[in-house]
Amino acid sequence: VVLDGQVGAPGPAGPSNLGLAGATVEVHAVDATTGARRGPPLHRQTTGADGYWGPMQTGPTQALEFVVQAPGQATLHVYRSAFPRSSQVVHFRPERLSDADKAAQAVVNFTRPRGYFGLPRDRIELDGQQPAPGIPAGVAGVAASRLRLADASDRPVVATFESGVIRERVVGRTWPVQQNHLVVLEMHE
């Protein structure tokens, strides 16, 4: 499996489609049940003017953590299930922590970039909270849930999604907001 993608530059009104030069992307193999890293980084690259961070090779059953460090942005930890096939669109959008985020000890986002969460149709759980916070009942139209934690101890955090035949579970680790870290658990489906 070959992976590649772009780190997007922040724009004046939010993320842009332009590449961000000078961002560093580090990729780690992780244990799919705990989110713990397995050995040294598989890949590390600083982006050029186009913002692309790859390509890199990995196995089709390996869960991954992508660590994106970009000037002026929070260090982003993106946890993903294994990629069953190659992709050239593994894109990242670094962001700054909001004031509400900075009041927490750790912040974890659960995202579904290729679809929406819908209640009561779907079963969506984040760190034991079901439904995951911030997802209103009714017509599906929200693709992210954000959880602000009062504890920053290094521990696994689990997100699960069930809708019809789709079943996905992503496990990551908490990282401290005080050290400017933000966690994303990202679904494939």
# chains A, B, ... in the order shown; residues from 1 in each chain; ligands from 1
>>> residues_around(residues="Pro41 (chain A)", least_positions_apart="5", cutoff="9 Å", atoms="only C-alpha atoms", output="ChimeraX atom specification")
/A:26-29
>>> select_by_dssp(residues="region 56-110 of chain A", states="helix (DSSP H, G or I)", output="ChimeraX atom specification")
/A:99-102
>>> select_by_dssp(residues="region 21-168 of chain A", states="strand (DSSP E)", output="PyMOL selection string")
chain A and resi 24-30+43-46+56-57+63-69+75-80+106-111+123-126+144-149+156-163+166-168
>>> write_last_selection(atoms="C-alpha atoms", output="PDB file, in the first residue's frame")
ATOM      1  CA  THR A  24       6.632  17.929   9.102  1.00  0.00           C
ATOM      2  CA  VAL A  25       4.679  14.679   8.792  1.00  0.00           C
ATOM      3  CA  GLU A  26       5.780  11.652  10.791  1.00  0.00           C
ATOM      4  CA  VAL A  27       3.975   8.311  10.446  1.00  0.00           C
ATOM      5  CA  HIS A  28       3.947   5.625  13.146  1.00  0.00           C
ATOM      6  CA  ALA A  29       2.646   2.061  13.133  1.00  0.00           C
ATOM      7  CA  VAL A  30       0.287   1.662  16.103  1.00  0.00           C
ATOM      8  CA  HIS A  43       8.183   7.758   7.534  1.00  0.00           C
ATOM      9  CA  ARG A  44       9.185  11.376   8.193  1.00  0.00           C
ATOM     10  CA  GLN A  45       9.204  14.210   5.697  1.00  0.00           C
ATOM     11  CA  THR A  46       9.064  17.994   5.649  1.00  0.00           C
ATOM     12  CA  MET A  56       5.362   6.077   1.792  1.00  0.00           C
ATOM     13  CA  GLN A  57       4.688   2.345   1.914  1.00  0.00           C
ATOM     14  CA  ALA A  63      -3.182   0.917  11.877  1.00  0.00           C
ATOM     15  CA  LEU A  64      -1.372   4.276  11.700  1.00  0.00           C
ATOM     16  CA  GLU A  65      -0.780   7.532  13.565  1.00  0.00           C
ATOM     17  CA  PHE A  66       0.104  10.586  11.466  1.00  0.00           C
ATOM     18  CA  VAL A  67       1.781  13.416  13.403  1.00  0.00           C
ATOM     19  CA  VAL A  68       1.614  16.781  11.621  1.00  0.00           C
ATOM     20  CA  GLN A  69       3.641  19.711  12.924  1.00  0.00           C
ATOM     21  CA  THR A  75       0.574  19.396  16.710  1.00  0.00           C
ATOM     22  CA  LEU A  76      -1.997  17.155  15.055  1.00  0.00           C
ATOM     23  CA  HIS A  77      -2.164  13.411  15.862  1.00  0.00           C
ATOM     24  CA  VAL A  78      -4.404  11.637  13.330  1.00  0.00           C
ATOM     25  CA  TYR A  79      -5.197   7.985  14.069  1.00  0.00           C
ATOM     26  CA  ARG A  80      -6.536   5.851  11.204  1.00  0.00           C
ATOM     27  CA  ALA A 106      -6.943  17.002  26.114  1.00  0.00           C
ATOM     28  CA  VAL A 107      -9.081  17.374  22.987  1.00  0.00           C
ATOM     29  CA  VAL A 108     -10.186  14.467  20.776  1.00  0.00           C
ATOM     30  CA  ASN A 109     -12.121  14.787  17.509  1.00  0.00           C
ATOM     31  CA  PHE A 110     -13.944  11.879  15.857  1.00  0.00           C
ATOM     32  CA  THR A 111     -14.431  12.597  12.155  1.00  0.00           C
ATOM     33  CA  ARG A 123     -24.628   4.318  16.677  1.00  0.00           C
ATOM     34  CA  ILE A 124     -21.782   6.755  17.408  1.00  0.00           C
ATOM     35  CA  GLU A 125     -19.635   6.417  20.518  1.00  0.00           C
ATOM     36  CA  LEU A 126     -16.573   8.417  21.592  1.00  0.00           C
ATOM     37  CA  ALA A 144     -17.366  15.504  13.469  1.00  0.00           C
ATOM     38  CA  SER A 145     -17.666  15.142  17.218  1.00  0.00           C
ATOM     39  CA  ARG A 146     -15.312  17.025  19.564  1.00  0.00           C
ATOM     40  CA  LEU A 147     -14.611  15.877  23.104  1.00  0.00           C
ATOM     41  CA  ARG A 148     -12.805  18.062  25.618  1.00  0.00           C
ATOM     42  CA  LEU A 149     -11.343  15.991  28.451  1.00  0.00           C
ATOM     43  CA  PRO A 156      -6.347   4.957  24.819  1.00  0.00           C
ATOM     44  CA  VAL A 157      -9.450   6.707  23.512  1.00  0.00           C
ATOM     45  CA  VAL A 158     -11.919   4.692  21.404  1.00  0.00           C
ATOM     46  CA  ALA A 159     -14.383   5.813  18.731  1.00  0.00           C
ATOM     47  CA  THR A 160     -16.932   3.453  17.190  1.00  0.00           C
ATOM     48  CA  PHE A 161     -19.441   3.921  14.398  1.00  0.00           C
ATOM     49  CA  GLU A 162     -22.204   1.568  13.258  1.00  0.00           C
ATOM     50  CA  SER A 163     -24.669   2.253  10.446  1.00  0.00           C
ATOM     51  CA  ILE A 166     -20.726  -0.225   8.157  1.00  0.00           C
ATOM     52  CA  ARG A 167     -18.829  -0.962  11.357  1.00  0.00           C
ATOM     53  CA  GLU A 168     -15.661   0.917  12.231  1.00  0.00           C
TER      54      GLU A 168
END
>>> residues_around(residues="Asn180 (chain A)", least_positions_apart="5", cutoff="12 Å", atoms="only C-alpha atoms", output="VMD selection string")
chain A and resid 68 to 77 94 to 99 101 to 107 152 175
>>> closest_residue(among="A:Gly172, A:Gly19, A:Ala36, A:Gly59", to="Glu186 (chain A)", atoms="only C-alpha atoms")
A:Gly172
>>> residues_around(residues="region 82-93 of chain A", least_positions_apart="3", cutoff="9 Å", atoms="only C-alpha atoms", output="PyMOL selection string")
chain A and resi 1-10+15-16+32+52+54-55+57-64+68+76+78+188
>>> write_last_selection(atoms="C-alpha atoms", output="mmCIF file, in the first residue's frame")
data_model
loop_
_atom_site.group_PDB
_atom_site.id
_atom_site.type_symbol
_atom_site.label_atom_id
_atom_site.label_comp_id
_atom_site.auth_asym_id
_atom_site.auth_seq_id
_atom_site.Cartn_x
_atom_site.Cartn_y
_atom_site.Cartn_z
ATOM 1 C CA VAL A 1 0.000 0.000 0.000
ATOM 2 C CA VAL A 2 1.415 3.395 -1.036
ATOM 3 C CA LEU A 3 0.128 6.545 0.707
ATOM 4 C CA ASP A 4 0.601 10.206 -0.149
ATOM 5 C CA GLY A 5 -1.229 13.457 0.380
ATOM 6 C CA GLN A 6 -1.027 17.113 1.136
ATOM 7 C CA VAL A 7 -0.854 19.300 4.223
ATOM 8 C CA GLY A 8 -3.206 22.190 3.552
ATOM 9 C CA ALA A 9 -2.299 25.780 4.327
ATOM 10 C CA PRO A 10 -4.547 27.773 6.646
ATOM 11 C CA PRO A 15 -8.389 25.936 5.601
ATOM 12 C CA SER A 16 -7.442 26.431 1.963
ATOM 13 C CA ALA A 32 -5.053 -1.138 16.643
ATOM 14 C CA TYR A 52 2.957 16.960 -0.215
ATOM 15 C CA GLY A 54 4.890 11.308 0.786
ATOM 16 C CA PRO A 55 4.902 8.832 -0.760
ATOM 17 C CA GLN A 57 4.688 2.345 1.914
ATOM 18 C CA THR A 58 2.838 0.432 4.611
ATOM 19 C CA GLY A 59 0.995 -2.852 4.987
ATOM 20 C CA PRO A 60 -2.752 -3.198 4.272
ATOM 21 C CA THR A 61 -3.479 -4.298 7.861
ATOM 22 C CA GLN A 62 -1.391 -1.726 9.771
ATOM 23 C CA ALA A 63 -3.182 0.917 11.877
ATOM 24 C CA LEU A 64 -1.372 4.276 11.700
ATOM 25 C CA VAL A 68 1.614 16.781 11.621
ATOM 26 C CA LEU A 76 -1.997 17.155 15.055
ATOM 27 C CA VAL A 78 -4.404 11.637 13.330
ATOM 28 C CA HIS A 188 -12.364 5.414 6.452
#
>>> closest_residue(among="A:Pro113, A:Gly118, A:Leu42, A:Gly35", to="Thr174 (chain A)", atoms="only C-alpha atoms")
A:Gly35
>>> atom_distance(atom1="CA of Val177 (chain A)", atom2="CA of Asp154 (chain A)")
11.9 Å
>>> atom_distance(atom1="CA of Val170 (chain A)", atom2="CA of Glu189 (chain A)")
11.5 Å
>>> closest_residue(among="A:Val165, A:Leu18, A:Ala140, A:Leu182", to="Gly48 (chain A)", atoms="only C-alpha atoms")
A:Leu18
>>> closest_residue(among="A:Arg155, A:Arg121, A:Arg38, A:Arg112", to="Leu185 (chain A)", atoms="only C-alpha atoms")
A:Arg112
>>> atom_distance(atom1="CA of Gln129 (chain A)", atom2="CA of Val184 (chain A)")
16.2 Å
>>> decode(residues="region 52-89 of chain A", atoms="N, CA and C atoms", output="compact mmCIF listing (two decimals), in the first residue's frame")
# COMPACT_ATOMS: atom_id res chain seq x y z
N TYR A 52 3.05 18.43 -0.22
CA TYR A 52 2.96 16.96 -0.21
C TYR A 52 3.98 16.36 0.73
N TRP A 53 3.57 15.31 1.44
CA TRP A 53 4.38 14.72 2.51
C TRP A 53 4.90 13.32 2.18
N GLY A 54 4.52 12.69 1.09
CA GLY A 54 4.89 11.31 0.79
C GLY A 54 5.67 11.22 -0.50
N PRO A 55 5.65 10.04 -1.11
CA PRO A 55 4.90 8.83 -0.76
C PRO A 55 5.62 7.97 0.28
N MET A 56 4.82 7.05 0.85
CA MET A 56 5.36 6.08 1.79
C MET A 56 4.64 4.74 1.60
N GLN A 57 5.29 3.67 2.01
CA GLN A 57 4.69 2.35 1.91
C GLN A 57 4.36 1.83 3.29
N THR A 58 3.25 1.08 3.37
CA THR A 58 2.84 0.43 4.61
C THR A 58 2.06 -0.83 4.24
N GLY A 59 1.76 -1.64 5.23
CA GLY A 59 0.99 -2.85 4.99
C GLY A 59 -0.50 -2.59 5.02
N PRO A 60 -1.30 -3.40 4.35
CA PRO A 60 -2.75 -3.20 4.27
C PRO A 60 -3.51 -3.52 5.56
N THR A 61 -2.81 -4.00 6.59
CA THR A 61 -3.48 -4.30 7.86
C THR A 61 -2.93 -3.47 9.02
N GLN A 62 -2.06 -2.50 8.73
CA GLN A 62 -1.39 -1.73 9.77
C GLN A 62 -2.15 -0.45 10.12
N ALA A 63 -2.60 -0.33 11.39
CA ALA A 63 -3.18 0.92 11.88
C ALA A 63 -2.06 1.95 11.99
N LEU A 64 -2.40 3.24 11.77
CA LEU A 64 -1.37 4.28 11.70
C LEU A 64 -1.72 5.51 12.53
N GLU A 65 -0.67 6.21 12.97
CA GLU A 65 -0.78 7.53 13.57
C GLU A 65 0.05 8.47 12.70
N PHE A 66 -0.58 9.54 12.22
CA PHE A 66 0.10 10.59 11.47
C PHE A 66 0.28 11.77 12.41
N VAL A 67 1.50 12.26 12.56
CA VAL A 67 1.78 13.42 13.40
C VAL A 67 2.18 14.57 12.48
N VAL A 68 1.38 15.64 12.51
CA VAL A 68 1.61 16.78 11.62
C VAL A 68 1.99 17.98 12.47
N GLN A 69 3.18 18.51 12.23
CA GLN A 69 3.64 19.71 12.92
C GLN A 69 3.81 20.81 11.89
N ALA A 70 3.05 21.89 12.07
CA ALA A 70 3.08 23.01 11.13
C ALA A 70 3.28 24.30 11.90
N PRO A 71 4.04 25.23 11.37
CA PRO A 71 4.30 26.48 12.07
C PRO A 71 3.00 27.20 12.46
N GLY A 72 2.91 27.59 13.75
CA GLY A 72 1.76 28.34 14.23
C GLY A 72 0.50 27.53 14.47
N GLN A 73 0.56 26.21 14.33
CA GLN A 73 -0.61 25.35 14.48
C GLN A 73 -0.37 24.34 15.61
N ALA A 74 -1.45 23.73 16.10
CA ALA A 74 -1.32 22.66 17.09
C ALA A 74 -0.68 21.44 16.43
N THR A 75 0.05 20.66 17.22
CA THR A 75 0.57 19.40 16.71
C THR A 75 -0.61 18.45 16.58
N LEU A 76 -0.84 17.97 15.38
CA LEU A 76 -2.00 17.16 15.06
C LEU A 76 -1.61 15.68 15.07
N HIS A 77 -2.36 14.86 15.82
CA HIS A 77 -2.16 13.41 15.86
C HIS A 77 -3.41 12.78 15.24
N VAL A 78 -3.27 12.23 14.04
CA VAL A 78 -4.40 11.64 13.33
C VAL A 78 -4.25 10.12 13.36
N TYR A 79 -5.21 9.44 13.98
CA TYR A 79 -5.20 7.99 14.07
C TYR A 79 -6.17 7.44 13.03
N ARG A 80 -5.71 6.44 12.25
CA ARG A 80 -6.54 5.85 11.20
C ARG A 80 -6.46 4.34 11.28
N SER A 81 -7.55 3.70 10.89
CA SER A 81 -7.51 2.25 10.71
C SER A 81 -6.58 1.96 9.54
N ALA A 82 -6.27 0.70 9.32
CA ALA A 82 -5.40 0.32 8.21
C ALA A 82 -6.00 0.74 6.87
N PHE A 83 -5.14 1.07 5.93
CA PHE A 83 -5.55 1.40 4.56
C PHE A 83 -5.52 0.11 3.75
N PRO A 84 -6.67 -0.41 3.32
CA PRO A 84 -6.67 -1.66 2.58
C PRO A 84 -6.10 -1.52 1.16
N ARG A 85 -6.01 -0.28 0.67
CA ARG A 85 -5.46 -0.04 -0.67
C ARG A 85 -4.73 1.31 -0.68
N SER A 86 -3.97 1.55 -1.72
CA SER A 86 -3.20 2.78 -1.85
C SER A 86 -4.11 4.00 -1.98
N SER A 87 -3.59 5.16 -1.55
CA SER A 87 -4.33 6.41 -1.67
C SER A 87 -3.35 7.57 -1.83
N GLN A 88 -3.69 8.49 -2.73
CA GLN A 88 -2.90 9.70 -2.92
C GLN A 88 -3.63 10.92 -2.36
N VAL A 89 -4.70 10.68 -1.61
CA VAL A 89 -5.49 11.78 -1.04
C VAL A 89 -5.58 11.68 0.48
